[in-house]
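Peer 1: Got a structure for you, input.cif, holding mmCIF, C-alpha atoms.
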data_model
#
loop_
_atom_site.label_atom_id
_atom_site.label_comp_id
_atom_site.auth_asym_id
_atom_site.auth_seq_id
_atom_site.Cartn_x
_atom_site.Cartn_y
_atom_site.Cartn_z
CA MET A 213 -15.94 9.40 6.00
CA LEU A 214 -15.58 7.73 9.34
CA LEU A 215 -12.96 5.00 9.31
CA ALA A 216 -14.34 2.00 11.13
CA ASP A 217 -11.56 -0.55 11.04
CA VAL A 218 -8.16 -1.64 9.74
CA ARG A 219 -8.08 -5.41 9.56
CA THR A 220 -6.44 -8.34 7.81
CA ALA A 221 -7.86 -8.74 4.32
CA ALA A 222 -10.29 -11.59 3.75
CA PRO A 223 -10.76 -13.49 0.47
CA GLY A 224 -13.91 -11.48 -0.28
CA ASP A 225 -11.87 -8.24 -0.24
CA ALA A 226 -9.76 -9.14 -3.30
CA THR A 227 -12.00 -7.45 -5.87
CA ALA A 228 -12.19 -4.22 -3.86
CA ILE A 229 -8.41 -4.18 -3.34
CA SER A 230 -7.77 -4.75 -7.04
CA ARG A 231 -10.19 -1.99 -8.05
CA LEU A 232 -8.93 0.53 -5.47
CA LEU A 233 -5.28 -0.12 -6.25
CA ALA A 234 -5.83 0.24 -10.01
CA GLU A 235 -7.84 3.44 -9.51
CA ALA A 236 -5.20 4.89 -7.17
CA ILE A 237 -2.39 4.11 -9.64
CA ARG A 238 -4.29 5.68 -12.54
CA THR A 239 -5.18 8.78 -10.52
CA ALA A 240 -1.72 9.30 -9.01
CA TYR A 241 0.52 8.36 -11.92
CA GLY A 242 -1.56 8.76 -15.09
CA GLU A 243 -0.01 12.08 -16.13
CA ILE A 244 3.47 11.21 -14.88
CA LEU A 245 3.91 7.75 -16.43
CA GLY A 246 1.47 7.92 -19.33
CA GLU A 247 -0.95 5.27 -20.51
CA ILE A 248 1.64 2.56 -21.21
CA GLY A 249 3.48 3.01 -17.90
CA VAL A 250 0.27 3.02 -15.89
CA GLY A 251 -1.01 0.02 -17.84
CA ARG A 252 2.11 -1.93 -16.90
CA LEU A 253 1.76 -1.05 -13.21
CA VAL A 254 -1.91 -1.97 -13.14
CA SER A 255 -1.28 -5.22 -15.00
CA GLU A 256 1.57 -6.19 -12.69
CA HIS A 257 0.12 -5.17 -9.32
CA CYS A 258 -3.66 -5.26 -9.62
CA ALA A 259 -4.41 -8.63 -11.19
CA LEU A 260 -7.28 -10.21 -9.29
CA PRO A 261 -5.78 -13.75 -9.30
CA ARG A 262 -2.55 -12.37 -7.83
CA ILE A 263 -4.33 -10.47 -5.06
CA ARG A 264 -6.56 -13.47 -4.26
CA ALA A 265 -3.48 -15.67 -3.96
CA GLU A 266 -1.66 -13.11 -1.80
CA ILE A 267 -4.61 -12.83 0.58
CA GLY A 268 -4.54 -16.59 0.96
CA ILE A 269 -0.90 -16.75 2.09
CA PRO A 270 -0.20 -14.17 4.83
CA GLY A 271 2.75 -15.55 6.71
CA GLY A 272 2.83 -18.48 4.29
CA ALA A 273 5.66 -17.15 2.15
CA PRO A 274 9.05 -16.02 3.43
CA GLY A 275 8.93 -12.34 4.27
CA TRP A 276 5.29 -11.82 3.23
CA LEU A 277 3.00 -10.32 5.89
CA GLY A 278 -0.10 -9.94 3.75
CA TRP A 279 -2.76 -7.37 2.99
CA LEU A 280 -4.61 -5.11 5.42
CA VAL A 281 -7.76 -3.22 4.46
CA ALA A 282 -9.42 -0.12 5.83
CA THR A 283 -13.20 -0.10 5.94
CA ASP A 284 -15.68 2.67 6.49
CA ALA A 285 -18.55 2.58 8.98
CA ASP A 286 -20.66 0.66 6.45
CA GLY A 287 -17.99 -2.03 6.03
CA ARG A 288 -16.96 -0.88 2.55
CA VAL A 289 -13.24 -1.30 1.74
CA VAL A 290 -11.79 2.20 1.26
CA GLY A 291 -8.08 1.42 1.27
CA ALA A 292 -5.47 -1.32 1.37
CA VAL A 293 -1.81 -1.91 2.17
CA SER A 294 0.51 -4.86 1.68
CA GLY A 295 3.94 -5.48 3.06
CA GLY A 296 6.53 -7.80 4.41
CA LEU A 297 10.06 -8.28 5.68
CA PRO A 298 12.13 -9.30 2.66
CA VAL A 299 15.28 -9.02 4.81
CA ALA A 300 15.47 -9.59 8.56
CA GLY A 301 14.72 -6.34 10.39
CA GLN A 302 13.74 -4.53 7.19
CA GLY A 303 10.03 -3.85 6.60
CA GLU A 304 8.85 -3.13 3.07
CA VAL A 305 5.56 -1.51 2.08
CA TYR A 306 4.69 -3.10 -1.26
CA ALA A 307 1.43 -1.26 -1.97
CA LEU A 308 -0.65 1.40 -0.21
CA CYS A 309 -3.82 2.87 -1.66
CA ALA A 310 -6.91 4.73 -0.59
CA ASP A 311 -10.08 5.58 -2.44
CA PRO A 312 -9.02 8.63 -4.52
CA ALA A 313 -12.36 10.29 -3.70
CA GLN A 314 -11.50 10.11 0.02
CA LEU A 315 -7.90 11.27 0.17
CA ARG A 316 -6.69 13.29 3.18
CA GLN A 317 -9.16 11.63 5.52
CA GLY A 318 -6.72 9.47 7.47
CA ILE A 319 -7.12 6.23 5.50
CA GLY A 320 -3.50 6.05 4.34
CA THR A 321 -2.21 7.03 7.76
CA ALA A 322 -4.29 4.33 9.46
CA LEU A 323 -3.14 1.71 6.96
CA LEU A 324 0.52 2.70 7.27
CA ALA A 325 0.22 2.51 11.07
CA GLY A 326 -1.33 -0.96 10.84
CA ALA A 327 1.34 -2.23 8.45
CA THR A 328 4.09 -0.68 10.58
CA GLU A 329 2.79 -2.37 13.72
CA ARG A 330 2.62 -5.72 11.95
CA MET A 331 6.21 -5.26 10.72
CA ARG A 332 7.44 -4.33 14.20
CA GLU A 333 5.78 -7.44 15.61
CA HIS A 334 7.91 -9.43 13.15
CA GLY A 335 11.16 -7.68 14.09
CA ALA A 336 11.35 -4.72 11.71
CA VAL A 337 13.56 -1.86 12.89
CA ALA A 338 13.38 0.04 9.60
CA GLN A 339 10.89 0.43 6.79
CA ARG A 340 11.18 1.12 3.07
CA ILE A 341 8.97 1.75 0.07
CA GLY A 342 9.72 1.82 -3.64
CA LEU A 343 7.82 4.35 -5.75
CA PRO A 344 7.03 4.19 -9.46
CA ALA A 345 8.11 7.81 -10.10
CA GLU A 346 10.29 10.40 -8.35
CA GLN A 347 7.70 13.15 -8.50
CA GLY A 348 4.70 11.06 -7.54
CA PRO A 349 2.15 12.39 -5.08
CA ALA A 350 2.98 9.66 -2.55
CA VAL A 351 6.36 11.28 -1.81
CA ALA A 352 4.72 14.03 0.28
CA PHE A 353 2.63 11.49 2.22
CA PHE A 354 5.64 9.35 3.10
CA THR A 355 7.94 12.25 3.97
CA HIS A 356 5.18 13.54 6.26
CA HIS A 357 5.41 10.17 8.04
CA GLY A 358 9.18 10.36 8.53
CA PHE A 359 10.48 8.66 5.39
CA THR A 360 13.50 10.18 3.66
CA ALA A 361 14.94 9.64 0.19
CA LEU A 362 17.36 6.73 -0.05
CA THR A 363 17.45 6.92 -3.86
CA PRO A 364 15.20 8.85 -6.24
CA LEU A 365 12.67 6.00 -6.20
CA ARG A 366 13.14 4.56 -2.68
CA LEU A 367 12.21 6.08 0.65
CA GLY A 368 12.96 4.74 4.10
CA ARG A 369 12.74 5.39 7.82
CA THR A 370 13.91 3.93 11.09
CA LEU A 371 11.13 2.57 13.27
#
In structure tokens, what does this structure look like?

Peer 2:
Amino acid sequence: MLLADVRTAAPGDATAISRLLAEAIRTAYGEILGEIGVGRLVSEHCALPRIRAEIGIPGGAPGWLGWLVATDADGRVVGAVSGGLPVAGQGEVYALCADPAQLRQGIGTALLAGATERMREHGAVAQRIGLPAEQGPAVAFFTHHGFTALTPLRLGRTL
């Protein structure tokens, strides 16, 4: 897979973001959280009306910086990230996902870099992420990128 672009999500990307995020949650946390736990996460975070609304308001809500998507050379959305600054100087990654069939190909790293740059542009000097489970596969990805445990379910780093 050749990553072509990381860009601000457009309204037409909502369905792909919803699908990718739900698939990533099921793949990463299915065994850890079980069917009910995963169902709650998917219901809460992947609802198409929610994602459509969030795409429509980047910068329009306090602390919200919006969605970015990664596309392949054919323009297909292969990953997404959302984030904001809920507190001055403090960036927060709300969601980060890549096509589970294309893991370890730089999609997550490119998305994290894009979100980090956007947060820095808005004054972030630190960055955090909350995880749904202590032993989730995302822990290794984030520690590789300089995040350390703040609590069992929160990681952070200085930018």

Peer 1: Please write as a PyMOL selection string the full residue list that the PyMOL selection byres ((chain A and resi 351) around 12) yields on this file.

Peer 2: chain A and resi 240+341-350+352-361+364-368

Peer 1: Run the PyMOL selection byres ((chain A and resi 305-308) around 6) against the file shown and list the residues it catches, as a list in words.

Peer 2: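 When the PyMOL selection byres ((chain A and resi 305-308) around 6) is applied, the selected residues are Ala292, Val293, Ser294, Gly295, Glu304, Cys309 and Ile341 of chain A.
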
Peer 1: Dump C-alpha atoms for the selected residues as a PDB file, in the coordinates of the input?

Peer 2:
ATOM      1  CA  ALA A 292      -5.470  -1.320   1.370  1.00  0.00           C
ATOM      2  CA  VAL A 293      -1.810  -1.910   2.170  1.00  0.00           C
ATOM      3  CA  SER A 294       0.510  -4.860   1.680  1.00  0.00           C
ATOM      4  CA  GLY A 295       3.940  -5.480   3.060  1.00  0.00           C
ATOM      5  CA  GLU A 304       8.850  -3.130   3.070  1.00  0.00           C
ATOM      6  CA  CYS A 309      -3.820   2.870  -1.660  1.00  0.00           C
ATOM      7  CA  ILE A 341       8.970   1.750   0.070  1.00  0.00           C
TER       8      ILE A 341
END

Peer 1: How would you write, as a list in words, the residues chosen by the PyMOL selection byres ((chain A and resi 223) around 7) on this structure?

Peer 2: Ala221, Ala222, Gly224, Asp225, Ala226, Arg264, Ile267 and Gly268 of chain A

Peer 1: Just checking: using all atoms listed in the file, which residue out of A:Leu315, A:Ala234, A:Ala265, A:Leu260 ends up closest to Gly278 of chain A?

Peer 2: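 Of the candidates, the smallest distance to Gly278 of chain A is held by A:Ala265.
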
Peer 1: Would you please work out which residue, of A:Gly326, A:Gly242, A:Gly251, A:Gly275, is nearest to Leu297 of chain A when using all atoms listed in the file?

Peer 2: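 Of all the options, A:Gly275 lies closest to Leu297 of chain A.
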
Peer 1: For a quick check of understanding, using all atoms listed in the file, which of A:Gly291, A:Leu323, A:Pro312, A:Gly301 has the smallest distance to Thr370 of chain A?

Peer 2: A:Gly301

Peer 1: Using all atoms listed in the file, which of the listed residues (A:Leu233, A:Pro261, A:Val218, A:Ala327) sits closest to Asp284 of chain A?

Peer 2: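 The closest residue to Asp284 of chain A is A:Val218.
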
Peer 1: Between atom CA of Asp311 of chain A and atom CA of Ala236 of chain A, what is the distance in Å, rounded to a tenth?

Peer 2: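 Result for atom CA of Asp311 of chain A versus atom CA of Ala236 of chain A: 6.8 Å, one decimal.
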
Peer 1: Choose the residue, out of A:Ala313, A:Leu371, A:Leu245, A:Leu280, that has the smallest atom-to-atom separation from Arg219 of chain A; count only C-alpha atoms.

Peer 2: A:Leu280

Peer 1: Could you give me, as number ranges by chain, the residues within 12 Å of Gly296 of chain A, counting all atoms listed in the file and dropping anything in the same chain fewer than 3 positions from it?

Peer 2: A: 266, 269-280, 293, 299-307, 327-336, 338-341
